[in-house]
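I have placed the structure first, in the form of structure tokens, so that the comments after it can refer back to it.
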Amino acid sequence: MIDYRYEVFLAVASKLSFSKAAQDLFVSQPSISKQIKILEDQIGIALFERKGNSISLTISGKKLLDHLQKAKLIQKDIESEFTSTKSNLEIQGDLKIGASTTISLYVIPKILASFHKQFPKANVLLVNRNSENILKALYEYEVDLAIVEDSSGITSVRSSDFMSDEIIAVCSKNSSFRTDNLELDMLKGRPLALRERGSGTLAALASSLKSHGIKLGDLTIIARLGGTEALKNYLLAGEAIGFLSRIAVKREIESGELVEIVIPGLQVRRNFYFVMRKGEESVGLTKNFIKMANSSL
């Protein structure tokens with residue numbers, strides 16, 4: 001096992017924050033600072049540059065981070081090698097998953113609940129961000145497995161298919177713009193509320209509209225909201241039309257609170273992928289999670 005002080009260093013290096021590292025490790029910030037000071041004294045070099053309230057890695061710190069990330073992978077391989085003889089109830093370890101908002105809120109929780117029944121000693125971390133930031137978290141070793149709409153924005157990864165999804169237009173049942181059908185050209189004149197930039201939902205919509213010669217700039221966008229739930233709640237209380245995953249609005253459509261608007265000719269579909277860094281085999285808990293997720297569909 002990697003020494004605790006190196007684990008502390010990894011936490012601080014990944015967040016570039018002593019306070020955030022303390023939160024992740026459930027210890028006090030002074031304790032984190034003390035461990036880093038002991039480590040720097042022990043190896044005789046400065047690992048961080050302190051500038052006011054911010055910190056950055058020194059050249060030596062970056063080298064140590066690179067070595068420790070490789071060591072963590074070796075540790076994971078060792079743990080995986082020797083867990084094959086254990087029962088699921090005995091297998092321990094960390095499973096760090098990063099998923100885009102729709103998947104985090106409406107797909108993964110049910111799978112994780114079933115996963116924990118089979119692997120009760122597993123420690124699970126689920127990070128919920130938009131696709132762009134989840135891929136960044138994967139690249140920076142904050143998570144071991146990413147589930148996103150697109151993996152083209154980052155190098156040194158490999159991906160495999162997970163599931164597909166449909167983005168649909170919806171509005172409140174009380175909206176004055178409520179209609180069963182809406183011609184695509186008429187969409188330009190309707191008030192729209194959309195997800196924030198970096199969102200996979202927005203990217204999928206923009207791509208589909210582009211194939212019809214329509215840019216986001218051609219639309220009447222009155223609001224952009226960060227997060228699926230925020231946008232959904234805005235639409236429920238307002239007049240605007242929005243685009244959300246069918247998975248995310250399933251209950252609201254069934255209850256009649258939101259109404260689906262069919263736009264003939266416009267189909268917005270996207271695929272979700274499991275994404276991992278190249279050179280890292282799908283082993284241990286990660287491998288079992290992917291297997292369970294695929295079988296749950």
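How things are named: the first chain in the structure tokens is A, the next is B, and so on; residues count from 1 in each chain; ligands count from 1 in the order shown.
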
**Study point:** Shell around region 208-223 of chain A at 7 Å using only C-alpha atoms, local window under 4 positions removed, as a count of residues only
**Key:** 10

Point to revise | Which of region 20-263 of chain A fall in strand (DSSP E or B), as a PyMOL selection string | key: chain A and resi 48-51+54-57+93-99+122-128+145-148+157-172+181+191-195+220-225+241-245+258-262

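Among the candidates A:Ser175, A:Ala230, A:Thr286, A:Val249, the one nearest to Lys96 (chain A) when counting only C-alpha atoms is A:Thr286.
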
Review point. Which residues, written as a list of chain:residue names, have at least one atom at most 9 Å from region 17-34 of chain A, with only C-alpha atoms counted and residues fewer than 5 positions away on the same chain left out?
Key: A:Arg5, A:Val8, A:Phe9, A:Leu10, A:Ala11, A:Val12, A:Leu39, A:Asn53, A:Ser54, A:Ile55, A:Ser56

Resulting file, chosen residues, C-alpha atoms, as a PDB file, in the first residue's frame:
```pdb
ATOM      1  CA  ARG A   5       1.769  10.824   3.364  1.00  0.00           C
ATOM      2  CA  VAL A   8      -2.152  13.061   1.273  1.00  0.00           C
ATOM      3  CA  PHE A   9       0.161  14.486  -1.380  1.00  0.00           C
ATOM      4  CA  LEU A  10      -2.002  12.961  -4.136  1.00  0.00           C
ATOM      5  CA  ALA A  11      -5.118  14.515  -2.636  1.00  0.00           C
ATOM      6  CA  VAL A  12      -3.546  17.970  -2.400  1.00  0.00           C
ATOM      7  CA  LEU A  39       7.010  14.656   3.473  1.00  0.00           C
ATOM      8  CA  ASN A  53      -4.033  31.562  -0.879  1.00  0.00           C
ATOM      9  CA  SER A  54      -3.145  29.491  -3.940  1.00  0.00           C
ATOM     10  CA  ILE A  55      -0.649  26.684  -4.459  1.00  0.00           C
ATOM     11  CA  SER A  56       0.927  25.016  -7.485  1.00  0.00           C
TER      12      SER A  56
END
```

Practice item. Apply DSSP to the structure's backbone, then extract all residues of region 63-276 of chain A labelled alpha helix (DSSP H) and return them as an NGL selection string. Key: :A and (63-83 or 101-106 or 108-118 or 131-139 or 200-210 or 228-237 or 250-255)

Could you write out that same residue set with C-alpha atoms as a tab-separated table (two decimals), in the first residue's frame?
```
chain	number	residue	atom	x	y	z
A	63	LYS	CA	7.59	14.40	-11.08
A	64	LEU	CA	6.45	12.90	-7.78
A	65	LEU	CA	2.82	13.11	-8.91
A	66	ASP	CA	3.65	11.26	-12.13
A	67	HIS	CA	5.45	8.47	-10.20
A	68	LEU	CA	2.65	8.12	-7.66
A	69	GLN	CA	-0.06	7.95	-10.30
A	70	LYS	CA	1.81	5.05	-11.88
A	71	ALA	CA	2.23	3.47	-8.45
A	72	LYS	CA	-1.51	3.72	-7.83
A	73	LEU	CA	-2.17	1.84	-11.06
A	74	ILE	CA	0.25	-0.89	-10.01
A	75	GLN	CA	-1.44	-1.08	-6.62
A	76	LYS	CA	-4.82	-1.42	-8.30
A	77	ASP	CA	-3.53	-4.21	-10.53
A	78	ILE	CA	-2.13	-6.06	-7.51
A	79	GLU	CA	-5.40	-5.73	-5.62
A	80	SER	CA	-7.34	-6.93	-8.65
A	81	GLU	CA	-5.02	-9.91	-9.16
A	82	PHE	CA	-5.66	-11.25	-5.69
A	83	THR	CA	-9.37	-10.46	-5.38
A	101	THR	CA	-25.47	15.06	-15.11
A	102	THR	CA	-28.23	13.00	-16.75
A	103	ILE	CA	-26.45	9.72	-16.10
A	104	SER	CA	-25.53	10.69	-12.51
A	105	LEU	CA	-29.07	11.64	-11.58
A	106	TYR	CA	-31.24	9.14	-13.41
A	108	ILE	CA	-26.21	5.37	-12.12
A	109	PRO	CA	-27.85	5.52	-8.63
A	110	LYS	CA	-29.99	2.42	-9.26
A	111	ILE	CA	-27.01	0.54	-10.66
A	112	LEU	CA	-24.85	1.54	-7.69
A	113	ALA	CA	-27.52	0.34	-5.25
A	114	SER	CA	-27.46	-3.11	-6.87
A	115	PHE	CA	-23.67	-2.99	-7.06
A	116	HIS	CA	-23.37	-2.35	-3.32
A	117	LYS	CA	-25.56	-5.36	-2.57
A	118	GLN	CA	-23.01	-7.55	-4.36
A	131	SER	CA	-19.31	16.12	-19.78
A	132	GLU	CA	-16.48	18.56	-20.36
A	133	ASN	CA	-15.51	18.67	-16.69
A	134	ILE	CA	-15.89	14.92	-16.17
A	135	LEU	CA	-13.36	14.26	-18.93
A	136	LYS	CA	-11.06	16.77	-17.27
A	137	ALA	CA	-11.45	14.88	-13.97
A	138	LEU	CA	-10.51	11.64	-15.72
A	139	TYR	CA	-7.44	13.20	-17.28
A	200	GLY	CA	-23.54	17.14	-23.47
A	201	THR	CA	-27.26	17.86	-23.82
A	202	LEU	CA	-26.53	21.24	-25.37
A	203	ALA	CA	-23.81	19.79	-27.63
A	204	ALA	CA	-26.18	17.11	-28.96
A	205	LEU	CA	-28.88	19.70	-29.66
A	206	ALA	CA	-26.45	22.06	-31.38
A	207	SER	CA	-25.18	19.24	-33.60
A	208	SER	CA	-28.69	18.22	-34.68
A	209	LEU	CA	-29.75	21.79	-35.36
A	210	LYS	CA	-26.59	22.39	-37.39
A	228	THR	CA	-30.69	19.15	-15.54
A	229	GLU	CA	-32.79	19.67	-12.41
A	230	ALA	CA	-32.32	23.44	-12.52
A	231	LEU	CA	-33.50	23.60	-16.12
A	232	LYS	CA	-36.41	21.26	-15.45
A	233	ASN	CA	-37.63	23.33	-12.51
A	234	TYR	CA	-37.31	26.51	-14.56
A	235	LEU	CA	-39.46	25.03	-17.31
A	236	LEU	CA	-42.07	23.79	-14.84
A	237	ALA	CA	-42.53	27.30	-13.47
A	250	LYS	CA	-40.12	10.81	-17.83
A	251	ARG	CA	-42.02	11.30	-14.56
A	252	GLU	CA	-43.09	14.87	-15.32
A	253	ILE	CA	-44.45	13.88	-18.74
A	254	GLU	CA	-46.33	10.94	-17.25
A	255	SER	CA	-47.85	13.20	-14.56
```

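Pairwise distance (CA of Ala240 (chain A), CA of Met163 (chain A)) equals 29.0 Å.
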
Check your understanding: In Å, how far is it from CA of Gly238 (chain A) to CA of Asn174 (chain A)?
Key -> 8.3 Å

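Those residues that approach Asp94 (chain A) to within 9 Å, counting only C-alpha atoms, are Ala122, Asn123, Val124, Leu125 and Leu285 of chain A; same-chain residues fewer than 5 positions away are not listed.
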
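Remark: for Gly242 (chain A), the closest of the candidate residues A:Leu126, A:Ala46, A:Val259, A:Val107 is A:Val259 (distances computed over only C-alpha atoms).
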